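Novice: Just passing along the structure, written as structure tokens.
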Amino acid sequence: MLGQNAVALGQITAYYNEKVQSRKLHVRNSIHMVSKIVAEILKDVEIQEPRFISTLIDNNGRYDGLYVHSPNEFEVILYLNQMGVFNFVDDGSIQGCAVLKLSDGRKRSMSLWVEFITASGYLSARKIRSRFQTLVSQAIEKSPYREYCKLVTDTSDVKLRIHDKYIVQITCAFRCNGIWPRSASQWPNVAVGWPNPAVIGEVKNEGFDLLSKEVYTQPPQQPQTPTKQPTSTMEGDAWAMCMTQAENILLSHPNRRKTLSILKCLRDSHLDYPASPITNYIIKTLVLYECEKHISDHEWYDICIGDRVIGVLLQLVSCLQCRKCPHYFLPQLDLLRGKPTHILDHAAKMSWNLLRQLMLNARALESL
Ligand code: CTP
């Protein structure tokens, strides 16, 4: 029978204490191993080019600026200095992206990043990334890790393959504290009543990061004609907005985090097959939507976590079936964009299969 609290509290507690904790430990160990290698490579990059200063820091056992995409996929953010002379332009022309334009009256030579500014005065994410990729490639060649640390070559993103098992993307970024992008101006929805004004202030003050990474853009519907120029140059120069820190503030409540950890563990174990479109970031996004549906802390008590897990998986199936998952803060950005229909249909089936087990069998977590 489908019903409330289909997943009993004891089952949630046991799953969290055993499987989730074991996932955390496993990921932590992998992070420590790969971070040592990445830190050495970044140290060498910094020697070659002092503008790229490593910001990967071991902060009491956790790494600042490192994100876990899956147990074998990590992203390290390298924060660049001195965005200073540029204006942040978020006009919505490239979903989820913004451009950095040289401020009026400022000379190129006033920027630390002078050679990466385009003829039209934009600081090019692509040019910076290309330079950084060359530096990383040279650092790997010289390093004692070169036998088992390779640069992934089929992308302009800077990605390392370590021990043929782990992928670590290193992404150059600018931190934009204290400003809130126009594309996120609809947040918060006052009708929702969550979070409280103090947290809203904290989130908006946190701002966002601008990342230099490949962004997916819709392929042209028709072959390009000489008169219809692709906008790819502009897209290459644009910076992807990333709001992870702001999201983490919203998810700082212990049981909301616990729910997310449980869902990540379920995803890694059951929904992380080759070509899966279901990322842990999509799961995190859906937890944020679940927070808006259940705004009171008491709806996240331990006894309710089973219902919240089921609620998020129901949203996941629905998103996959509708072929759309809007970014939490930047709703114009669809996190499922570009995914082929058959991949999304298969993912919906896999998610539904997991959800069905949780809803129909109160002891399902024992074997999941
Ligand atoms: N971790 C880390 N440094 C980071 C991120 C994660 O050392 N920047 C380690 C932590 O030990 C964490 C584990 O990797 O417990 C798994 O992280 P994650 O996949 O983000 O899972 P969560 O369940 O969200 O981890 P936590 O609740 O500990 O944040």
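As shown in the structure tokens, the chain order sets the letters A, B, ...; within each chain, residues go from 1, and ligands are also counted from 1 in the order they appear.
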Please report, as a Markdown table, each residue of region 67-99 of chain A lying at most 7 Å from region 167-183 of chain A, together with the nearest pair of atoms and the separation in Å rounded to one decimal; use only C-alpha atoms, and order rows by chain and ascending residue number.
Specialist:
```
| residue | atom | partner | partner_atom | distance |
| --- | --- | --- | --- | --- |
| A:Asn72 | CA | A:Ile167 | CA | 6.3 |
| A:Glu73 | CA | A:Ile167 | CA | 4.8 |
| A:Phe74 | CA | A:Val168 | CA | 4.8 |
| A:Glu75 | CA | A:Gln169 | CA | 4.6 |
| A:Val76 | CA | A:Ile170 | CA | 4.8 |
| A:Ile77 | CA | A:Thr171 | CA | 4.9 |
| A:Leu78 | CA | A:Cys172 | CA | 4.7 |
| A:Tyr79 | CA | A:Ala173 | CA | 4.8 |
| A:Leu80 | CA | A:Phe174 | CA | 5.5 |
| A:Met83 | CA | A:Phe174 | CA | 6.9 |
| A:Asp90 | CA | A:Arg182 | CA | 6.2 |
| A:Gly92 | CA | A:Ser183 | CA | 6.4 |
```
Novice: Would you save the residues from that selection as a compact mmCIF listing (two decimals), in the first residue's frame, using all heavy atoms?
Specialist:
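Final output, saved to again_6.txt:
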```
# COMPACT_ATOMS: atom_id res chain seq x y z
N ASN A 72 33.56 9.17 -8.16
CA ASN A 72 34.78 9.18 -8.98
C ASN A 72 34.97 10.48 -9.75
O ASN A 72 35.87 10.55 -10.58
CB ASN A 72 34.77 8.03 -9.99
CG ASN A 72 34.74 6.69 -9.31
OD1 ASN A 72 35.09 6.58 -8.14
ND2 ASN A 72 34.31 5.68 -10.02
N GLU A 73 34.13 11.45 -9.53
CA GLU A 73 34.19 12.69 -10.32
C GLU A 73 34.15 13.91 -9.40
O GLU A 73 33.16 14.08 -8.66
CB GLU A 73 32.96 12.78 -11.21
CG GLU A 73 33.17 12.32 -12.62
CD GLU A 73 31.87 12.45 -13.37
OE1 GLU A 73 31.00 11.60 -13.18
OE2 GLU A 73 31.72 13.44 -14.10
N PHE A 74 35.20 14.69 -9.48
CA PHE A 74 35.30 15.86 -8.60
C PHE A 74 35.58 17.10 -9.42
O PHE A 74 36.07 17.02 -10.55
CB PHE A 74 36.43 15.65 -7.58
CG PHE A 74 36.37 14.31 -6.90
CD1 PHE A 74 37.35 13.34 -7.12
CD2 PHE A 74 35.32 14.01 -6.06
CE1 PHE A 74 37.28 12.09 -6.51
CE2 PHE A 74 35.24 12.76 -5.43
CZ PHE A 74 36.22 11.80 -5.66
N GLU A 75 35.30 18.24 -8.81
CA GLU A 75 35.63 19.50 -9.48
C GLU A 75 36.32 20.40 -8.46
O GLU A 75 35.82 20.59 -7.35
CB GLU A 75 34.36 20.18 -10.02
CG GLU A 75 34.67 21.46 -10.78
CD GLU A 75 33.49 21.94 -11.63
OE1 GLU A 75 32.43 21.27 -11.64
OE2 GLU A 75 33.63 22.99 -12.28
N VAL A 76 37.47 20.90 -8.86
CA VAL A 76 38.23 21.81 -8.00
C VAL A 76 38.12 23.20 -8.60
O VAL A 76 38.37 23.39 -9.79
CB VAL A 76 39.72 21.37 -7.94
CG1 VAL A 76 40.58 22.43 -7.28
CG2 VAL A 76 39.86 20.04 -7.22
N ILE A 77 37.72 24.17 -7.78
CA ILE A 77 37.59 25.54 -8.28
C ILE A 77 38.87 26.30 -7.94
O ILE A 77 39.33 26.27 -6.80
CB ILE A 77 36.38 26.25 -7.62
CG1 ILE A 77 35.09 25.42 -7.78
CG2 ILE A 77 36.19 27.66 -8.19
CD1 ILE A 77 34.62 25.23 -9.18
N LEU A 78 39.42 26.95 -8.95
CA LEU A 78 40.61 27.76 -8.73
C LEU A 78 40.18 29.23 -8.85
O LEU A 78 39.86 29.71 -9.94
CB LEU A 78 41.68 27.41 -9.77
CG LEU A 78 43.03 28.06 -9.52
CD1 LEU A 78 44.13 27.03 -9.68
CD2 LEU A 78 43.28 29.20 -10.45
N TYR A 79 40.11 29.88 -7.70
CA TYR A 79 39.61 31.27 -7.70
C TYR A 79 40.70 32.22 -8.17
O TYR A 79 41.80 32.25 -7.61
CB TYR A 79 39.12 31.66 -6.31
CG TYR A 79 37.82 30.97 -5.97
CD1 TYR A 79 37.79 29.88 -5.10
CD2 TYR A 79 36.62 31.39 -6.54
CE1 TYR A 79 36.59 29.22 -4.80
CE2 TYR A 79 35.42 30.74 -6.26
CZ TYR A 79 35.43 29.67 -5.39
OH TYR A 79 34.25 29.03 -5.11
N LEU A 80 40.37 33.01 -9.19
CA LEU A 80 41.31 33.98 -9.74
C LEU A 80 41.15 35.31 -9.03
O LEU A 80 40.07 35.63 -8.53
CB LEU A 80 41.06 34.17 -11.24
CG LEU A 80 41.09 32.90 -12.09
CD1 LEU A 80 40.65 33.20 -13.51
CD2 LEU A 80 42.48 32.28 -12.09
N MET A 83 39.01 40.72 -10.49
CA MET A 83 38.08 40.87 -11.60
C MET A 83 37.88 42.37 -11.83
O MET A 83 37.44 42.80 -12.88
CB MET A 83 36.77 40.20 -11.21
CG MET A 83 35.90 39.87 -12.35
SD MET A 83 34.41 39.16 -11.68
CE MET A 83 33.47 40.62 -11.41
N ASP A 90 24.66 40.37 -17.07
CA ASP A 90 23.80 39.19 -17.07
C ASP A 90 22.52 39.57 -17.78
O ASP A 90 21.55 39.98 -17.16
CB ASP A 90 23.56 38.80 -15.59
CG ASP A 90 22.42 37.82 -15.41
OD1 ASP A 90 22.13 37.08 -16.35
OD2 ASP A 90 21.82 37.82 -14.32
N GLY A 92 20.83 37.56 -19.86
CA GLY A 92 20.01 36.39 -20.16
C GLY A 92 20.18 35.87 -21.58
O GLY A 92 19.47 34.97 -22.00
```
Novice: For chain A against ligand 1, with a cut-off of 9 Å and counting only C-alpha atoms and all ligand atoms, what is the closest atom pair and its distance in Å to one decimal for every residue that makes the cut, ordered by chain and number, as a Markdown table?
Specialist:
```
| residue | atom | partner | partner_atom_place_in_ligand_line | distance |
| --- | --- | --- | --- | --- |
| A:Val20 | CA | ligand 1 | 23 (O) | 7.0 |
| A:Gln21 | CA | ligand 1 | 15 (O) | 7.7 |
| A:Arg23 | CA | ligand 1 | 16 (C) | 6.9 |
| A:Lys24 | CA | ligand 1 | 13 (C) | 4.2 |
| A:Leu25 | CA | ligand 1 | 11 (O) | 6.1 |
| A:His26 | CA | ligand 1 | 13 (C) | 7.6 |
| A:Val27 | CA | ligand 1 | 14 (O) | 4.8 |
| A:Arg28 | CA | ligand 1 | 14 (O) | 4.0 |
| A:Asn29 | CA | ligand 1 | 14 (O) | 7.8 |
| A:Ser30 | CA | ligand 1 | 14 (O) | 8.3 |
| A:Ile31 | CA | ligand 1 | 7 (O) | 6.2 |
| A:His32 | CA | ligand 1 | 7 (O) | 7.1 |
| A:Asp58 | CA | ligand 1 | 3 (N) | 8.0 |
| A:Asn59 | CA | ligand 1 | 3 (N) | 8.4 |
| A:Asn60 | CA | ligand 1 | 7 (O) | 8.9 |
| A:Gly61 | CA | ligand 1 | 7 (O) | 5.8 |
| A:Arg62 | CA | ligand 1 | 7 (O) | 3.6 |
| A:Tyr63 | CA | ligand 1 | 3 (N) | 4.0 |
| A:Asp64 | CA | ligand 1 | 8 (N) | 5.2 |
| A:Gly65 | CA | ligand 1 | 8 (N) | 6.1 |
| A:Leu66 | CA | ligand 1 | 8 (N) | 4.2 |
| A:Tyr67 | CA | ligand 1 | 8 (N) | 5.3 |
| A:Val68 | CA | ligand 1 | 19 (O) | 4.9 |
| A:His69 | CA | ligand 1 | 19 (O) | 6.9 |
| A:Ser70 | CA | ligand 1 | 19 (O) | 6.6 |
| A:Pro71 | CA | ligand 1 | 19 (O) | 6.8 |
| A:Phe74 | CA | ligand 1 | 5 (C) | 8.9 |
| A:Val76 | CA | ligand 1 | 8 (N) | 8.6 |
| A:Pro254 | CA | ligand 1 | 27 (O) | 8.7 |
| A:Arg257 | CA | ligand 1 | 27 (O) | 6.1 |
| A:Lys258 | CA | ligand 1 | 27 (O) | 6.7 |
| A:Thr259 | CA | ligand 1 | 23 (O) | 8.8 |
| A:Leu260 | CA | ligand 1 | 24 (O) | 6.5 |
| A:Ser261 | CA | ligand 1 | 23 (O) | 3.7 |
| A:Ile262 | CA | ligand 1 | 23 (O) | 7.1 |
| A:Leu263 | CA | ligand 1 | 23 (O) | 8.7 |
| A:Lys264 | CA | ligand 1 | 23 (O) | 6.7 |
| A:Cys265 | CA | ligand 1 | 23 (O) | 7.6 |
| A:Asn280 | CA | ligand 1 | 19 (O) | 8.3 |
```
Novice: DSSP on the backbone, strand (DSSP E or B) only: what residues of region 187-329 of chain A does that give? Format it as a ChimeraX atom specification.
Specialist: /A:208-211,239-242,326
Novice: From the DSSP assignment of the backbone, select every residue of region 74-288 of chain A that is alpha helix (DSSP H), and format the answer as a ChimeraX atom specification.
Specialist: /A:125-142,197-206,232-237,244-250,254-270,280-288
Novice: With only C-alpha atoms as the counted atoms, please give the residues lying no more than 10 Å from region 307-319 of chain A, apart from itself and same-chain residues fewer than 2 positions off, as an NGL selection string.
Specialist: :A and (3-8 or 12 or 256 or 259-260 or 262-263 or 266-267 or 278 or 282-291 or 293-294 or 299-305 or 321-326 or 335-336 or 344-345 or 347-356 or 358-359)
